[in-house]
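Asker: This is the structure I want to talk about, given as structure tokens.
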Amino acid sequence: MRNTVPRRLELFRTMWRIRAFEEEALDAHRAQEIAGPLHVSIGQEAVSAGLCINLETADRLTSNHRGHGHVLAKGADPKRMLAELYGRADGYCGGKGGSMHIADFSVGMLGANGVVAGGIPIAVGAAQGLKLLGEKALVVCIFGDGAVNRGPFLEGFNWAALFRLPVLFVCEDNGVAAFTQTATMTAGPGIVARAQSMGVEGRSVDGNDVVAVDEAVAELVEAIRATGEPRFLHAQTYRLMGHTSTDAAAWRSQEEVQSARQSEPIGRLRALLLEEGCSERDLDGIERAARQEMQEARRFAQAAPWPLPEDAFSDVQDIGAEAWRR
């Protein structure tokens, strides 16, 4: 099945669903239908698609603040995702989590996370739990390049290696931690070397080449399922948009962005599929279907009810709740 046109069409479809979701969300934000900034991953879709196509539903996933693509590729419902961004009761967190905190345990999505590197110890803890329970599933932990300079990176990798836990750590490296070039604040010979120094085997891949990501993840997942030990994937990509939906990214040159657009993942796979005999009509149909799906999801979110005031105290830390209500 791997390296076949049907599989690549599936990857193409997943990437377009992610792109269409985020472009619809950005349009809703500009129309003031969504409050607060969004962290979109336009340009990074190959990592989500190439990763999740190799996972089972029972496999767990933790994400970061830029997690729409990860959640969608793992199988979440875009209607409930957009409803969450709208703050509506039909959203995954009842409208209380927003863009950075979407979780769907039914598909193994343990949650996105607004704290940089915050998902790493959560993923390692989940993997420890799976091992104690004797389950065969693995955990995938996605974080950005800024996370490798925070304490949870060291703690999580050390723990996973020491206790031989089934975790695939994935660094989605777009080269910029918020607004700062990561290379200017990262010591040592590189991220892969840092992982290997703690006993976690790792490799780098072109994160804008979804076929390469698919192949690399397949090998790493197979190794984890065979050994029960952690692995690391360093996927180099590029974020075409600013840090948030309110950031015009004037801090970088348009020449840099235009150059990056030449290697963005959807266009690259489209060119490959055309070479392999797929038609313009079929590929355009995939894009059109994705946009129609997300437009329908937006209508669902617009029509969804607002949370009830009394629901503000459900599903949250309840110590002292009685005092808050008074």
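Here, A, B, ... name the chains of the structure tokens in the order displayed, residue numbers run from 1 inside each chain, and ligands are numbered from 1 in the same displayed order.
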If we count only C-alpha atoms, what is near segment 106-121 of chain A at a cut-off of 9 Å, once residues fewer than 6 positions away on the same chain are taken out, given as a VMD selection string?
Answerer: chain A and resid 56 to 68 70 to 71 74 to 76 99 to 100 141 to 144 146 to 153 155 to 157 159 169
Asker: Name all residues at most 8 Å from Val47 of chain A (count only C-alpha atoms; drop same-chain ones fewer than 3 positions away) and give them as a list in words.
Answerer: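 Counting only C-alpha atoms, the residues come to Gln44, Gly50, Leu51, Glu172, Gly207, Asn208, Val210, Val213 and Ala235 of chain A.
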Asker: Would you please work out which residue, of A:Arg261, A:Leu72, A:Ala89, A:Gly242, is nearest to Ala103 of chain A when using only C-alpha atoms?
Answerer: A:Leu72
Asker: I want to know what sits within 12 Å of Ala195 of chain A, based on only C-alpha atoms, with residues of the same chain fewer than 5 positions away left out; could you give that as an MDAnalysis selection string?
Answerer: chainID A and resid 148:149 153:158 160:161 168:171 188:190 200:204 230:234
Asker: What would the file look like if the residues just selected were written as a short mmCIF file (atom, residue, chain, number, x, y, z; two decimals), in the first residue's frame with N, CA, C and O atoms?
Answerer:
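What landed in selection-v2.cif:
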```cif
data_model
loop_
_atom_site.label_atom_id
_atom_site.label_comp_id
_atom_site.auth_asym_id
_atom_site.auth_seq_id
_atom_site.Cartn_x
_atom_site.Cartn_y
_atom_site.Cartn_z
N VAL A 148 12.46 22.47 22.56
CA VAL A 148 13.67 21.69 22.87
C VAL A 148 14.59 22.44 23.84
O VAL A 148 15.53 21.85 24.38
N ASN A 149 14.31 23.72 24.07
CA ASN A 149 15.13 24.48 25.02
C ASN A 149 14.43 24.66 26.36
O ASN A 149 14.85 25.50 27.18
N PHE A 153 11.49 18.96 27.96
CA PHE A 153 12.13 18.17 26.90
C PHE A 153 13.14 17.22 27.51
O PHE A 153 13.13 16.00 27.26
N LEU A 154 14.03 17.75 28.35
CA LEU A 154 15.05 16.92 28.99
C LEU A 154 14.41 15.87 29.90
O LEU A 154 14.74 14.68 29.84
N GLU A 155 13.48 16.30 30.71
CA GLU A 155 12.84 15.39 31.66
C GLU A 155 12.08 14.27 30.94
O GLU A 155 12.19 13.09 31.29
N GLY A 156 11.33 14.64 29.92
CA GLY A 156 10.51 13.66 29.22
C GLY A 156 11.34 12.64 28.44
O GLY A 156 11.06 11.43 28.49
N PHE A 157 12.36 13.12 27.72
CA PHE A 157 13.20 12.20 26.95
C PHE A 157 13.95 11.26 27.89
O PHE A 157 14.09 10.06 27.62
N ASN A 158 14.46 11.80 28.98
CA ASN A 158 15.20 10.97 29.93
C ASN A 158 14.31 9.87 30.51
O ASN A 158 14.70 8.70 30.57
N ALA A 160 11.46 8.63 29.29
CA ALA A 160 11.03 7.66 28.27
C ALA A 160 12.15 6.68 27.93
O ALA A 160 11.91 5.48 27.73
N ALA A 161 13.39 7.18 27.86
CA ALA A 161 14.52 6.30 27.54
C ALA A 161 14.84 5.38 28.71
O ALA A 161 15.09 4.18 28.53
N LEU A 168 6.75 8.09 20.29
CA LEU A 168 7.39 8.72 19.14
C LEU A 168 7.36 10.22 19.37
O LEU A 168 6.30 10.85 19.33
N PHE A 169 8.52 10.79 19.67
CA PHE A 169 8.63 12.24 19.81
C PHE A 169 8.81 12.85 18.43
O PHE A 169 9.66 12.38 17.65
N VAL A 170 8.04 13.88 18.12
CA VAL A 170 8.12 14.53 16.81
C VAL A 170 8.32 16.02 17.01
O VAL A 170 7.45 16.70 17.55
N CYS A 171 9.47 16.52 16.56
CA CYS A 171 9.72 17.97 16.59
C CYS A 171 9.35 18.55 15.23
O CYS A 171 9.99 18.27 14.23
N GLY A 188 24.73 23.60 20.90
CA GLY A 188 25.06 22.22 20.57
C GLY A 188 24.94 21.89 19.10
O GLY A 188 24.63 22.74 18.26
N PRO A 189 25.20 20.63 18.76
CA PRO A 189 25.26 20.20 17.35
C PRO A 189 23.92 19.97 16.69
O PRO A 189 23.87 19.58 15.52
N GLY A 190 22.80 20.14 17.39
CA GLY A 190 21.50 19.97 16.74
C GLY A 190 20.53 19.19 17.59
O GLY A 190 20.88 18.57 18.61
N VAL A 200 17.86 8.27 22.91
CA VAL A 200 16.69 8.13 22.04
C VAL A 200 17.15 8.24 20.59
O VAL A 200 17.63 9.29 20.16
N GLU A 201 16.99 7.16 19.84
CA GLU A 201 17.39 7.18 18.44
C GLU A 201 16.50 8.14 17.66
O GLU A 201 15.29 8.19 17.87
N GLY A 202 17.12 8.86 16.74
CA GLY A 202 16.33 9.82 15.98
C GLY A 202 16.88 10.05 14.59
O GLY A 202 17.99 9.63 14.25
N ARG A 203 16.09 10.73 13.78
CA ARG A 203 16.50 11.06 12.42
C ARG A 203 15.77 12.32 11.97
O ARG A 203 14.73 12.70 12.50
N SER A 204 16.32 12.98 10.96
CA SER A 204 15.72 14.17 10.37
C SER A 204 15.06 13.81 9.05
O SER A 204 15.46 12.86 8.37
N PRO A 230 11.42 4.35 22.89
CA PRO A 230 11.10 5.62 22.23
C PRO A 230 11.98 5.88 21.00
O PRO A 230 13.09 5.36 20.89
N ARG A 231 11.44 6.67 20.10
CA ARG A 231 12.17 7.15 18.92
C ARG A 231 11.88 8.63 18.73
O ARG A 231 10.93 9.16 19.29
N PHE A 232 12.68 9.27 17.88
CA PHE A 232 12.54 10.72 17.67
C PHE A 232 12.58 11.04 16.19
O PHE A 232 13.42 10.51 15.43
N LEU A 233 11.66 11.90 15.74
CA LEU A 233 11.65 12.40 14.35
C LEU A 233 11.77 13.91 14.37
O LEU A 233 10.97 14.60 15.03
N HIS A 234 12.74 14.41 13.63
CA HIS A 234 12.95 15.85 13.47
C HIS A 234 12.49 16.23 12.06
O HIS A 234 13.16 15.88 11.07
#
```
Asker: Set the distance at 9 Å and use only C-alpha atoms: which residues neighbour Gly91 of chain A once local chain neighbours fewer than 3 positions away are removed? I'd like the list as a list in words.
Answerer: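 With the cut-off at 9 Å, the set is Lys79, Arg80, Met81, Leu82, Ala83, Glu84, Leu85, Tyr86, Gly87, Arg88, Gly94, Gly95, Lys96, Gly97, Gly98, Ile102, Ala301 and Ala304 of chain A.
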Asker: Give me the residues near segment 266-274 of chain A as a JSON list (two decimals) with N, CA, C and O atoms, in the first residue's frame, where near means some atom within 7 Å (using only C-alpha atoms) and where sequence neighbours in that chain fewer than 5 positions away do not count.
Answerer:
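Output saved as result_22.json:
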```
[["chain", "number", "residue", "atom", "x", "y", "z"],
["A", 12, "PHE", "N", -2.87, 13.62, 0.14],
["A", 12, "PHE", "CA", -3.26, 14.88, -0.50],
["A", 12, "PHE", "C", -4.60, 15.37, 0.07],
["A", 12, "PHE", "O", -4.77, 16.55, 0.38],
["A", 15, "MET", "N", -4.14, 16.67, 3.65],
["A", 15, "MET", "CA", -3.50, 17.99, 3.69],
["A", 15, "MET", "C", -4.47, 19.08, 3.27],
["A", 15, "MET", "O", -4.48, 20.17, 3.84],
["A", 279, "SER", "N", -5.32, 13.31, -12.78],
["A", 279, "SER", "CA", -5.80, 14.42, -13.61],
["A", 279, "SER", "C", -5.98, 15.69, -12.78],
["A", 279, "SER", "O", -6.20, 15.64, -11.57]]
```
